[in-house]
file final.txt (compact mmCIF, C-alpha atoms (C1' of nucleotides))
# COMPACT_ATOMS: atom_id res chain seq x y z
CA MET U 1 -7.66 5.23 32.94
CA ALA U 2 -3.89 5.24 32.75
CA LYS U 3 -4.13 2.07 30.72
CA LEU U 4 -6.72 3.46 28.37
CA GLN U 5 -4.71 6.64 27.91
CA LYS U 6 -1.65 4.69 26.94
CA SER U 7 -3.64 2.68 24.44
CA ILE U 8 -5.02 5.76 22.75
CA ASP U 9 -1.54 7.20 22.45
CA LYS U 10 -0.35 4.09 20.69
CA ARG U 11 -3.29 3.99 18.36
CA ASN U 12 -2.71 7.63 17.48
CA ALA U 13 0.96 7.02 16.88
CA LEU U 14 0.09 4.19 14.50
CA VAL U 15 -2.43 6.31 12.63
CA GLN U 16 0.03 9.18 12.37
CA ALA U 17 2.80 6.90 11.14
CA THR U 18 0.48 5.46 8.53
CA ILE U 19 -0.32 8.95 7.25
CA GLU U 20 3.30 9.98 7.00
CA LEU U 21 4.54 6.83 5.35
CA VAL U 22 1.68 6.54 2.89
CA ASN U 23 2.13 10.20 1.97
CA ASN U 24 5.81 9.84 1.28
CA ASN U 25 6.04 6.36 -0.18
CA GLY U 26 2.54 5.40 -1.23
CA PHE U 27 0.46 2.56 0.14
CA HIS U 28 2.32 0.03 -1.98
CA ALA U 29 5.62 0.90 -0.31
CA THR U 30 4.69 1.17 3.34
CA PRO U 31 5.07 -2.17 5.05
CA MET U 32 3.62 -2.85 8.47
CA SER U 33 7.14 -3.21 9.80
CA LYS U 34 7.95 0.40 8.91
CA ILE U 35 4.71 1.67 10.40
CA ALA U 36 5.54 -0.18 13.59
CA LYS U 37 9.04 1.20 13.67
CA MET U 38 7.90 4.78 13.16
CA ALA U 39 5.25 4.40 15.88
CA LYS U 40 7.89 2.85 18.16
CA VAL U 41 5.92 -0.31 18.60
CA SER U 42 6.34 -3.96 17.77
CA PRO U 43 4.72 -5.12 14.52
CA ALA U 44 2.64 -7.54 16.54
CA THR U 45 1.20 -4.68 18.57
CA ILE U 46 -0.51 -3.22 15.52
CA TYR U 47 -2.78 -6.23 15.52
CA LEU U 48 -4.00 -5.42 19.01
CA TYR U 49 -5.46 -2.19 17.65
CA PHE U 50 -6.37 -3.10 14.09
CA GLU U 51 -7.57 -6.24 12.39
CA ASN U 52 -5.12 -6.04 9.52
CA LYS U 53 -3.47 -3.57 7.18
CA GLN U 54 -6.69 -2.79 5.31
CA ASP U 55 -8.44 -2.04 8.58
CA LEU U 56 -5.59 0.22 9.68
CA VAL U 57 -5.76 2.28 6.54
CA ASN U 58 -9.57 2.41 6.56
CA GLN U 59 -9.66 3.63 10.14
CA THR U 60 -6.93 6.14 9.44
CA TYR U 61 -8.98 7.48 6.55
CA ILE U 62 -12.12 7.78 8.67
CA ASP U 63 -10.21 9.49 11.48
CA VAL U 64 -8.67 12.07 9.20
CA LYS U 65 -11.90 12.70 7.33
CA ALA U 66 -13.66 13.37 10.63
CA GLU U 67 -10.89 15.74 11.67
CA TYR U 68 -11.28 17.51 8.31
CA THR U 69 -15.02 18.05 8.59
CA ASN U 70 -14.84 18.98 12.26
CA TYR U 71 -12.36 21.66 11.35
CA ALA U 72 -14.44 22.83 8.39
CA PHE U 73 -17.60 23.37 10.42
CA GLU U 74 -16.13 24.54 13.72
CA ASN U 75 -18.03 27.60 14.85
CA TYR U 76 -20.07 27.57 11.68
CA ASP U 77 -23.43 29.14 12.32
CA GLU U 78 -26.36 28.04 10.20
CA SER U 79 -28.04 31.39 10.59
CA MET U 80 -25.44 33.11 8.42
CA SER U 81 -26.43 34.24 4.95
CA VAL U 82 -25.68 31.77 2.17
CA GLU U 83 -22.79 33.77 0.81
CA ALA U 84 -21.24 34.44 4.22
CA GLY U 85 -21.73 30.84 5.26
CA PHE U 86 -20.09 29.56 2.12
CA GLU U 87 -17.16 31.90 2.51
CA TYR U 88 -16.73 30.83 6.10
CA ILE U 89 -16.74 27.11 5.35
CA TRP U 90 -14.60 27.50 2.24
CA LYS U 91 -11.92 29.40 4.14
CA ARG U 92 -11.95 26.90 6.98
CA ILE U 93 -11.38 24.14 4.43
CA ALA U 94 -8.63 26.10 2.71
CA ASP U 95 -7.06 26.68 6.10
CA PHE U 96 -7.16 23.01 6.90
CA LYS U 97 -5.62 22.02 3.60
CA LEU U 98 -2.74 24.42 4.11
CA LYS U 99 -2.11 23.99 7.81
CA GLU U 100 -2.76 20.27 8.08
CA CYS U 101 -1.42 19.56 4.67
CA GLU U 102 -0.03 16.17 5.67
CA HIS U 103 -3.52 15.07 6.56
CA ALA U 104 -5.13 16.73 3.56
CA MET U 105 -2.57 15.06 1.32
CA PHE U 106 -3.44 11.69 2.75
CA LEU U 107 -7.13 12.25 2.04
CA ALA U 108 -6.42 13.33 -1.52
CA GLN U 109 -4.45 10.19 -2.10
CA CYS U 110 -7.19 8.00 -0.68
CA ASP U 111 -9.88 9.69 -2.72
CA ASN U 112 -8.44 8.64 -6.07
CA THR U 113 -7.35 5.15 -5.18
CA PRO U 114 -8.95 1.75 -4.51
CA MET U 115 -6.96 1.83 -1.26
CA ILE U 116 -10.04 2.48 0.88
CA ASP U 117 -13.03 0.17 0.85
CA GLU U 118 -16.51 1.40 -0.05
CA PRO U 119 -18.07 1.33 3.46
CA SER U 120 -15.26 3.46 4.86
CA ARG U 121 -15.64 5.89 1.99
CA MET U 122 -19.36 6.23 2.72
CA GLU U 123 -18.62 6.72 6.40
CA GLY U 124 -16.18 9.49 5.55
CA ILE U 125 -18.59 11.43 3.36
CA LYS U 126 -21.40 11.62 5.91
CA HIS U 127 -20.21 14.62 7.84
CA LEU U 128 -20.37 17.04 4.91
CA GLN U 129 -24.10 17.46 5.38
CA PRO U 130 -24.00 21.08 6.65
CA LEU U 131 -22.39 22.17 3.40
CA VAL U 132 -24.98 20.31 1.36
CA ASP U 133 -27.73 21.94 3.43
CA LEU U 134 -26.24 25.36 2.83
CA TRP U 135 -26.18 24.75 -0.90
CA GLN U 136 -29.76 23.57 -0.76
CA ARG U 137 -30.76 26.84 0.87
CA GLY U 138 -28.68 28.81 -1.63
CA LYS U 139 -30.45 27.14 -4.54
CA LYS U 140 -33.83 27.86 -3.03
CA GLU U 141 -32.93 31.52 -2.55
CA GLY U 142 -31.67 31.78 -6.13
CA ILE U 143 -28.16 32.62 -4.97
CA ILE U 144 -26.46 29.38 -5.98
CA LYS U 145 -26.83 27.66 -9.34
CA PRO U 146 -29.28 24.75 -9.31
CA LEU U 147 -26.58 22.11 -9.83
CA SER U 148 -25.97 18.64 -8.48
CA ASP U 149 -24.01 18.62 -5.22
CA PHE U 150 -21.28 16.69 -7.00
CA ILE U 151 -20.78 19.46 -9.52
CA LEU U 152 -20.86 22.09 -6.80
CA TYR U 153 -18.25 20.19 -4.82
CA ALA U 154 -16.14 19.60 -7.92
CA TYR U 155 -15.87 23.34 -8.59
CA ALA U 156 -16.19 24.95 -5.20
CA ILE U 157 -14.13 22.65 -2.99
CA ASN U 158 -12.17 20.05 -4.88
CA PRO U 159 -9.79 22.45 -6.68
CA LEU U 160 -8.21 23.11 -3.30
CA SER U 161 -6.92 19.55 -3.30
CA PHE U 162 -5.16 20.08 -6.59
CA LEU U 163 -3.59 23.30 -5.36
CA MET U 164 -2.56 21.73 -2.07
CA ILE U 165 -0.91 18.78 -3.79
CA ASN U 166 1.07 21.03 -6.07
CA GLN U 167 2.09 23.19 -3.16
CA LYS U 168 3.25 20.13 -1.27
CA ARG U 169 5.09 18.93 -4.34
CA GLY U 170 6.84 22.28 -4.58
CA THR U 171 5.59 23.09 -8.07
CA PHE U 172 3.40 25.94 -6.81
CA LYS U 173 3.55 28.28 -3.84
CA MET U 174 0.23 29.29 -2.26
CA ASP U 175 0.11 32.64 -0.46
CA GLU U 176 -2.63 34.83 0.99
CA SER U 177 -3.53 36.54 -2.27
CA HIS U 178 -3.71 33.18 -4.06
CA ILE U 179 -6.21 32.02 -1.48
CA GLU U 180 -8.34 35.07 -2.10
CA GLU U 181 -8.15 34.51 -5.85
CA ALA U 182 -9.06 30.87 -5.47
CA TYR U 183 -11.99 31.78 -3.27
CA GLN U 184 -13.24 34.18 -5.91
CA ALA U 185 -12.94 31.52 -8.60
CA ALA U 186 -14.81 29.05 -6.43
CA TRP U 187 -17.62 31.48 -5.72
CA ASP U 188 -17.83 32.64 -9.33
CA SER U 189 -18.22 29.07 -10.48
CA ILE U 190 -21.27 28.30 -8.34
CA LYS U 191 -23.02 31.63 -7.72
CA MET U 192 -25.96 32.66 -9.83
CA ASN U 193 -25.15 35.35 -12.32
CA ALA U 194 -27.13 38.52 -11.77
CA MET B 1 8.55 -5.23 -39.59
CA ALA B 2 6.50 -8.25 -38.57
CA LYS B 3 8.77 -8.64 -35.59
CA LEU B 4 8.52 -5.02 -34.62
CA GLN B 5 4.77 -5.10 -35.05
CA LYS B 6 4.49 -8.08 -32.79
CA SER B 7 6.63 -6.38 -30.20
CA ILE B 8 4.51 -3.26 -30.20
CA ASP B 9 1.42 -5.35 -29.72
CA LYS B 10 2.92 -6.99 -26.67
CA ARG B 11 4.07 -3.71 -25.23
CA ASN B 12 0.61 -2.27 -25.72
CA ALA B 13 -1.00 -5.28 -24.12
CA LEU B 14 1.25 -4.86 -21.11
CA VAL B 15 0.48 -1.17 -20.82
CA GLN B 16 -3.24 -1.82 -21.14
CA ALA B 17 -3.14 -4.60 -18.54
CA THR B 18 -1.29 -2.31 -16.16
CA ILE B 19 -3.96 0.35 -16.55
CA GLU B 20 -6.82 -2.06 -15.91
CA LEU B 21 -5.28 -3.78 -12.95
CA VAL B 22 -4.05 -0.61 -11.26
CA ASN B 23 -7.47 0.96 -11.77
CA ASN B 24 -9.32 -1.91 -10.23
CA ASN B 25 -6.94 -3.05 -7.51
CA GLY B 26 -4.52 -0.20 -6.96
CA PHE B 27 -0.80 -0.29 -7.52
CA HIS B 28 -0.22 -2.08 -4.23
CA ALA B 29 -2.30 -5.03 -5.36
CA THR B 30 -1.18 -5.55 -8.94
CA PRO B 31 1.70 -7.99 -9.11
CA MET B 32 3.76 -8.44 -12.22
CA SER B 33 2.45 -11.98 -12.50
CA LYS B 34 -1.12 -10.72 -12.90
CA ILE B 35 -0.06 -8.12 -15.44
CA ALA B 36 1.70 -10.85 -17.40
CA LYS B 37 -1.31 -13.12 -17.23
CA MET B 38 -3.72 -10.43 -18.40
CA ALA B 39 -1.39 -9.52 -21.28
CA LYS B 40 -1.05 -13.22 -22.13
CA VAL B 41 2.69 -13.15 -21.73
CA SER B 42 5.25 -14.74 -19.47
CA PRO B 43 6.37 -12.65 -16.47
CA ALA B 44 9.90 -12.83 -17.82
CA THR B 45 8.78 -11.23 -21.07
CA ILE B 46 7.84 -8.02 -19.30
CA TYR B 47 11.53 -7.47 -18.66
CA LEU B 48 12.27 -7.49 -22.37
CA TYR B 49 10.13 -4.38 -22.71
CA PHE B 50 10.58 -2.64 -19.38
CA GLU B 51 13.42 -2.33 -16.91
CA ASN B 52 11.33 -3.11 -13.88
CA LYS B 53 7.92 -2.48 -12.37
CA GLN B 54 8.59 1.20 -11.71
CA ASP B 55 9.63 1.68 -15.31
CA LEU B 56 6.51 -0.09 -16.53
CA VAL B 57 4.22 2.16 -14.56
CA ASN B 58 6.17 5.29 -15.46
CA GLN B 59 6.02 4.50 -19.15
CA THR B 60 2.35 3.65 -18.90
CA TYR B 61 1.75 7.02 -17.30
CA ILE B 62 3.65 8.87 -19.99
CA ASP B 63 1.86 6.96 -22.75
CA VAL B 64 -1.58 7.71 -21.37
CA LYS B 65 -0.75 11.34 -20.67
CA ALA B 66 0.37 11.76 -24.26
CA GLU B 67 -2.81 10.14 -25.49
CA TYR B 68 -4.78 12.54 -23.29
CA THR B 69 -3.14 15.69 -24.57
CA ASN B 70 -3.17 14.51 -28.17
CA TYR B 71 -6.89 14.01 -27.86
CA ALA B 72 -7.37 17.37 -26.15
CA PHE B 73 -5.65 19.37 -28.88
CA GLU B 74 -6.67 17.37 -31.94
CA ASN B 75 -7.88 19.79 -34.61
CA TYR B 76 -7.44 22.69 -32.21
CA ASP B 77 -6.75 25.82 -34.15
CA GLU B 78 -4.76 28.57 -32.47
CA SER B 79 -6.48 31.22 -34.52
CA MET B 80 -9.76 30.73 -32.68
CA SER B 81 -10.91 33.37 -30.23
CA VAL B 82 -9.92 32.79 -26.63
CA GLU B 83 -13.40 31.85 -25.55
CA ALA B 84 -14.02 29.55 -28.51
CA GLY B 85 -10.61 27.98 -28.13
CA PHE B 86 -11.16 27.32 -24.46
CA GLU B 87 -14.56 25.80 -25.06
CA TYR B 88 -13.14 23.59 -27.77
CA ILE B 89 -10.27 22.28 -25.63
CA TRP B 90 -12.44 21.94 -22.54
CA LYS B 91 -14.98 19.86 -24.38
CA ARG B 92 -12.33 17.65 -25.93
CA ILE B 93 -10.96 17.01 -22.46
CA ALA B 94 -14.42 16.30 -21.07
CA ASP B 95 -14.97 13.96 -23.97
CA PHE B 96 -11.77 12.12 -23.27
CA LYS B 97 -12.53 11.75 -19.58
CA LEU B 98 -15.92 10.25 -20.33
CA LYS B 99 -15.11 8.10 -23.33
CA GLU B 100 -11.67 6.92 -22.26
CA CYS B 101 -12.57 6.85 -18.64
CA GLU B 102 -10.34 3.86 -17.90
CA HIS B 103 -7.37 5.87 -19.04
CA ALA B 104 -8.50 9.07 -17.36
CA MET B 105 -9.04 7.16 -14.14
CA PHE B 106 -5.51 5.84 -14.30
CA LEU B 107 -4.13 9.35 -14.71
CA ALA B 108 -6.16 10.64 -11.79
CA GLN B 109 -4.81 7.90 -9.61
CA CYS B 110 -1.24 8.63 -10.65
CA ASP B 111 -1.62 12.34 -10.10
CA ASN B 112 -2.31 12.05 -6.37
CA THR B 113 0.12 9.30 -5.55
CA PRO B 114 3.90 8.87 -5.18
CA MET B 115 3.49 6.01 -7.65
CA ILE B 116 5.14 7.93 -10.51
CA ASP B 117 8.60 9.37 -10.23
CA GLU B 118 9.29 13.07 -10.70
CA PRO B 119 10.98 12.94 -14.14
CA SER B 120 8.02 11.04 -15.61
CA ARG B 121 5.63 13.52 -14.07
CA MET B 122 7.49 16.40 -15.68
CA GLU B 123 7.51 14.56 -18.99
CA GLY B 124 3.74 14.10 -18.78
CA ILE B 125 2.99 17.77 -18.11
CA LYS B 126 4.93 19.12 -21.07
CA HIS B 127 2.29 18.70 -23.72
CA LEU B 128 -0.23 21.03 -22.10
CA GLN B 129 1.55 24.04 -23.53
CA PRO B 130 -1.16 25.05 -26.05
CA LEU B 131 -3.63 25.49 -23.23
CA VAL B 132 -1.17 27.58 -21.24
CA ASP B 133 -0.56 29.71 -24.34
CA LEU B 134 -4.26 30.21 -24.82
CA TRP B 135 -4.62 31.37 -21.23
CA GLN B 136 -1.70 33.70 -21.71
CA ARG B 137 -3.47 35.29 -24.66
CA GLY B 138 -6.73 35.45 -22.74
CA LYS B 139 -5.07 37.29 -19.88
CA LYS B 140 -3.49 39.76 -22.26
CA GLU B 141 -6.84 40.43 -23.91
CA GLY B 142 -8.51 40.91 -20.54
CA ILE B 143 -10.86 37.99 -21.13
CA ILE B 144 -9.37 35.60 -18.58
CA LYS B 145 -8.51 36.49 -15.00
CA PRO B 146 -4.81 37.19 -14.42
CA LEU B 147 -4.25 34.06 -12.32
CA SER B 148 -1.46 31.54 -12.03
CA ASP B 149 -1.79 28.65 -14.49
CA PHE B 150 -2.10 26.29 -11.53
CA ILE B 151 -5.17 28.09 -10.26
CA LEU B 152 -6.65 28.22 -13.74
CA TYR B 153 -6.09 24.49 -14.18
CA ALA B 154 -7.44 23.76 -10.71
CA TYR B 155 -10.76 25.42 -11.53
CA ALA B 156 -11.14 25.05 -15.26
CA ILE B 157 -9.91 21.51 -15.85
CA ASN B 158 -9.27 19.54 -12.72
CA PRO B 159 -12.90 19.36 -11.52
CA LEU B 160 -13.55 17.04 -14.45
CA SER B 161 -11.36 14.45 -12.76
CA PHE B 162 -13.47 14.53 -9.64
CA LEU B 163 -16.66 14.17 -11.66
CA MET B 164 -15.20 11.37 -13.75
CA ILE B 165 -14.09 9.43 -10.69
CA ASN B 166 -17.50 9.69 -9.09
CA GLN B 167 -19.14 8.66 -12.31
CA LYS B 168 -16.86 5.65 -12.54
CA ARG B 169 -17.58 4.83 -8.92
CA GLY B 170 -21.31 4.94 -9.64
CA THR B 171 -22.06 7.71 -7.14
CA PHE B 172 -22.90 10.21 -9.85
CA LYS B 173 -24.24 9.95 -13.37
CA MET B 174 -22.91 12.43 -15.92
CA ASP B 175 -25.16 13.28 -18.86
CA GLU B 176 -25.12 15.87 -21.65
CA SER B 177 -26.73 18.63 -19.60
CA HIS B 178 -24.31 18.04 -16.73
CA ILE B 179 -21.45 18.55 -19.13
CA GLU B 180 -22.92 21.84 -20.25
CA GLU B 181 -23.40 22.92 -16.63
CA ALA B 182 -19.86 21.93 -15.76
CA TYR B 183 -18.53 23.84 -18.72
CA GLN B 184 -20.39 26.93 -17.60
CA ALA B 185 -18.99 26.59 -14.06
CA ALA B 186 -15.49 26.18 -15.47
CA TRP B 187 -15.79 29.24 -17.66
CA ASP B 188 -17.41 31.35 -14.95
CA SER B 189 -14.57 30.55 -12.60
CA ILE B 190 -11.82 31.86 -14.88
CA LYS B 191 -13.42 34.46 -17.15
CA MET B 192 -13.13 38.13 -16.33
CA ASN B 193 -16.31 39.60 -14.97
CA ALA B 194 -17.71 42.36 -17.12
C1' DA V 1 22.29 -22.26 -38.32
C1' DA V 2 22.75 -18.26 -35.71
C1' DA V 3 20.37 -14.68 -33.21
C1' DA V 4 16.45 -12.84 -30.99
C1' DA V 5 12.37 -13.41 -28.40
C1' DA V 6 9.72 -15.80 -25.24
C1' DA V 7 8.74 -19.08 -21.88
C1' DG V 8 8.29 -21.53 -17.33
C1' DA V 9 10.50 -22.60 -13.36
C1' DA V 10 13.47 -21.06 -9.84
C1' DT V 11 15.34 -17.71 -6.36
C1' DG V 12 16.02 -14.78 -2.63
C1' DA V 13 14.01 -11.10 -0.38
C1' DA V 14 10.24 -8.93 1.75
C1' DC V 15 5.81 -8.97 3.25
C1' DG V 16 1.58 -9.49 6.42
C1' DT V 17 0.46 -11.99 10.10
C1' DT V 18 0.82 -15.14 14.15
C1' DC V 19 3.13 -17.51 17.99
C1' DA V 20 5.34 -18.19 22.29
C1' DT V 21 7.02 -15.53 25.77
C1' DT V 22 7.84 -11.55 28.73
C1' DT V 23 6.44 -7.30 30.82
C1' DT V 24 3.12 -4.35 32.73
C1' DT V 25 -1.14 -3.41 34.92
C1' DA V 26 -4.97 -4.00 38.11
C1' DC V 27 -6.67 -6.17 41.74
C1' DT V 28 -6.92 -9.17 45.94
C1' DT V 29 -5.69 -10.37 50.33
C1' DA V 30 -3.11 -10.00 54.51
C1' DT K 1 0.63 -0.77 52.71
C1' DA K 2 3.06 -4.88 50.69
C1' DA K 3 3.03 -9.26 48.48
C1' DG K 4 1.00 -12.14 45.40
C1' DT K 5 -1.53 -13.19 41.25
C1' DA K 6 -4.27 -13.28 37.31
C1' DA K 7 -5.31 -10.82 33.23
C1' DA K 8 -4.01 -7.62 29.62
C1' DA K 9 -0.71 -5.58 26.73
C1' DA K 10 3.33 -5.78 24.37
C1' DT K 11 7.14 -7.95 22.27
C1' DG K 12 10.78 -10.20 18.99
C1' DA K 13 11.24 -14.01 16.42
C1' DA K 14 9.24 -17.08 13.27
C1' DC K 15 5.93 -18.65 9.60
C1' DG K 16 4.07 -19.34 5.26
C1' DT K 17 3.17 -16.79 1.30
C1' DT K 18 3.83 -13.76 -2.36
C1' DC K 19 6.44 -10.83 -4.84
C1' DA K 20 9.83 -8.87 -8.36
C1' DT K 21 13.29 -10.49 -10.85
C1' DT K 22 16.58 -13.83 -13.07
C1' DC K 23 18.16 -18.23 -15.05
C1' DT K 24 17.98 -21.86 -18.25
C1' DT K 25 15.74 -23.75 -21.90
C1' DT K 26 12.73 -23.74 -25.86
C1' DT K 27 10.62 -21.56 -29.74
C1' DT K 28 10.52 -18.35 -33.37
C1' DT K 29 12.57 -15.43 -36.66
C1' DT K 30 15.96 -14.23 -40.09
call {"tool": "encode", "arguments": {"input": "final.txt", "output": "structure tokens"}}
result
Amino acid sequence: MAKLQKSIDKRNALVQATIELVNNNGFHATPMSKIAKMAKVSPATIYLYFENKQDLVNQTYIDVKAEYTNYAFENYDESMSVEAGFEYIWKRIADFKLKECEHAMFLAQCDNTPMIDEPSRMEGIKHLQPLVDLWQRGKKEGIIKPLSDFILYAYAINPLSFLMINQKRGTFKMDESHIEEAYQAAWDSIKMNA
Amino acid sequence: MAKLQKSIDKRNALVQATIELVNNNGFHATPMSKIAKMAKVSPATIYLYFENKQDLVNQTYIDVKAEYTNYAFENYDESMSVEAGFEYIWKRIADFKLKECEHAMFLAQCDNTPMIDEPSRMEGIKHLQPLVDLWQRGKKEGIIKPLSDFILYAYAINPLSFLMINQKRGTFKMDESHIEEAYQAAWDSIKMNA
DNA sequence: AAAAAAAGAATGAACGTTCATTTTTACTTA
DNA sequence: TAAGTAAAAATGAACGTTCATTCTTTTTTT
């Protein structure tokens, strides 16, 4: 067990170093040697945990995506009303993007780049199902517009990435009232008009 | 003039090759040699037009961003009503993202990445002023919510990038009615409620 | 014929990955 | 428990390759 524990620590350190370096320098400017140095590990050691650089970045992506969705749906209760459920999930996601903004930033970068391979992307998307189910119910009840899940995600969730990036970049400062405003915009964009 | 013409052609070919290769392989996997080959030029020739790789990608970004905003505001008339003006600009942007999706894809990739340096990013953002002015007017007239321009952009415009990327990736097919739905979601998110 | 533009080949640095070796761990036996 | 040992984990140095960039020469333009 001591051995296994140690291994997990190293793997985590490598994943964390990958996130930080890719965030700050981009994938193109983060060599394995730097990742190793930041994780306080020999370059050769990386290859005990990951097949190659592509595998390292794929696994990092999947890890962070899982962390993201776990956070989003923690304590979410499917018996909530559609509106309450949406507000709950939305605010959890907003919370994640602000508190774990390093990780959220990494995801945003991956999502617009051919950095991640298709299978890993598919793997990452799987855990959003509860949100899709909620929307499904909302459409049936006439509370949410009958739109494709992609459009709903584009308007209800994705704008948070843009805001988070600009906050991280320092071009925009997000405070409590901004979050409330953003939530209102998100809900207005997908809710059925009376 | 013949000389200058020839030069511009080569520069354009280099910019276009950069866009295609970065789109398909990512910045980290597009060597200068490939860019040169695709532009049918010697690698050394690139350095007659650009200082280095960073400069090439910066200038490509600025070029495409200018093309984007020129397209968005072509024939836009500031005397339109706020709602009509917004619809006009929004649909021009949607048009651009669908018709020039290679170029839009490139911008989306740049926008979430430390690939572009800060000065070039600032340069690229400048030409959005007419839209900001329109929003300003809309807020004054009580037609558009009194939100930060970042939030307005996040909800009114940015979702198109997400939809475009997924369309390009083949996970989502955008047709005429989807565009109309997306427009409605965009407008609902930023318009004042009666 | 001089100047400008372009080319291909060359260069040194940096990269991802592997190799040979050492260190640590886990287990056996006394 | 202590010594011995085999396996696993980790390492730093090395490898071959690829990259961005430059150098020298050739071609094109004026």
call {"tool": "closest_residue", "arguments": {"input": "final.txt", "among": "V:DA14, V:DA9, V:DA1, V:DC27", "to": "chain B", "atoms": "all atoms listed in the file"}}
result
V:DA9
call {"tool": "closest_residue", "arguments": {"input": "final.txt", "among": "U:Glu176, U:Lys40, U:Lys53, U:Thr69", "to": "Asp9 (chain U)", "atoms": "only C-alpha atoms"}}
result
U:Lys40
call {"tool": "closest_residue", "arguments": {"input": "final.txt", "among": "U:Tyr49, U:Phe172, U:Tyr88, U:Phe106", "to": "Ile8 (chain U)", "atoms": "all atoms listed in the file"}}
result
U:Tyr49
call {"tool": "axis_aligned_box", "arguments": {"input": "final.txt", "around": "region 20-28 of chain K", "padding_each_side": "5 Å", "output": "JSON"}}
result
{"center_x": 14.0, "center_y": -16.3, "center_z": -20.9, "size_x": 18.3, "size_y": 24.9, "size_z": 35.0}
call {"tool": "closest_atom_pairs", "arguments": {"input": "final.txt", "of": "chain B", "to": "chain K", "cutoff": "10 Å", "atoms": "all atoms listed in the file", "output": "CSV"}}
result
residue,atom,partner,partner_atom,distance
B:Ala2,CA,K:DT29,C1',9.6
B:Lys3,CA,K:DT29,C1',7.9
B:Pro31,CA,K:DC19,C1',7.0
B:Met32,CA,K:DA20,C1',7.2
B:Ser33,CA,K:DC19,C1',8.7
B:Pro43,CA,K:DT21,C1',9.2
B:Ala44,CA,K:DT21,C1',8.1
B:Tyr47,CA,K:DT21,C1',8.6
B:Asn52,CA,K:DA20,C1',8.1
B:Lys53,CA,K:DA20,C1',7.8
call {"tool": "residues_around", "arguments": {"input": "final.txt", "residues": "His28 (chain U)", "least_positions_apart": "5", "cutoff": "9 Å", "atoms": "only C-alpha atoms (C1' of nucleotides)", "output": "MDAnalysis selection string"}}
result
(chainID U and resid 22) or (chainID B and resid 26:29 115)
call {"tool": "closest_residue", "arguments": {"input": "final.txt", "among": "B:Ser7, B:Ser177, B:Asn24, B:Asn75", "to": "chain U", "atoms": "all atoms listed in the file"}}
result
B:Asn24
call {"tool": "atom_distance", "arguments": {"input": "final.txt", "atom1": "CA of Thr60 (chain U)", "atom2": "CA of Tyr155 (chain U)"}}
result
26.5 Å
call {"tool": "interface_residues", "arguments": {"input": "final.txt", "of": "chain U", "to": "chain B", "cutoff": "7 Å", "atoms": "only C-alpha atoms", "output": "MDAnalysis selection string"}}
result
chainID U and resid 24:28 108:109 112:115 151 154:155 158:159 162:163 182 185:186 188:190
call {"tool": "write_last_selection", "arguments": {"input": "final.txt", "atoms": "C-alpha atoms", "output": "short mmCIF file (atom, residue, chain, number, x, y, z; two decimals), keeping the file's coordinate frame"}}
result
data_model
loop_
_atom_site.label_atom_id
_atom_site.label_comp_id
_atom_site.auth_asym_id
_atom_site.auth_seq_id
_atom_site.Cartn_x
_atom_site.Cartn_y
_atom_site.Cartn_z
CA ASN U 24 5.81 9.84 1.28
CA ASN U 25 6.04 6.36 -0.18
CA GLY U 26 2.54 5.40 -1.23
CA PHE U 27 0.46 2.56 0.14
CA HIS U 28 2.32 0.03 -1.98
CA ALA U 108 -6.42 13.33 -1.52
CA GLN U 109 -4.45 10.19 -2.10
CA ASN U 112 -8.44 8.64 -6.07
CA THR U 113 -7.35 5.15 -5.18
CA PRO U 114 -8.95 1.75 -4.51
CA MET U 115 -6.96 1.83 -1.26
CA ILE U 151 -20.78 19.46 -9.52
CA ALA U 154 -16.14 19.60 -7.92
CA TYR U 155 -15.87 23.34 -8.59
CA ASN U 158 -12.17 20.05 -4.88
CA PRO U 159 -9.79 22.45 -6.68
CA PHE U 162 -5.16 20.08 -6.59
CA LEU U 163 -3.59 23.30 -5.36
CA ALA U 182 -9.06 30.87 -5.47
CA ALA U 185 -12.94 31.52 -8.60
CA ALA U 186 -14.81 29.05 -6.43
CA ASP U 188 -17.83 32.64 -9.33
CA SER U 189 -18.22 29.07 -10.48
CA ILE U 190 -21.27 28.30 -8.34
#
call {"tool": "atom_distance", "arguments": {"input": "final.txt", "atom1": "CA of His103 (chain B)", "atom2": "C1' of DA6 (chain V)"}}
result
28.3 Å
call {"tool": "atom_distance", "arguments": {"input": "final.txt", "atom1": "CA of Asp63 (chain B)", "atom2": "CA of Arg121 (chain B)"}}
result
11.5 Å
call {"tool": "interface_residues", "arguments": {"input": "final.txt", "of": "chain V", "to": "chain B", "cutoff": "10 Å", "atoms": "all atoms listed in the file", "output": "count of residues only"}}
result
5
call {"tool": "closest_residue", "arguments": {"input": "final.txt", "among": "B:Ile35, B:Leu56, B:Arg11, B:Ser79", "to": "Ser120 (chain B)", "atoms": "only C-alpha atoms"}}
result
B:Leu56
call {"tool": "closest_residue", "arguments": {"input": "final.txt", "among": "B:Gln136, B:Ser81, B:Thr18, B:Gln129", "to": "Gln59 (chain B)", "atoms": "all atoms listed in the file"}}
result
B:Thr18
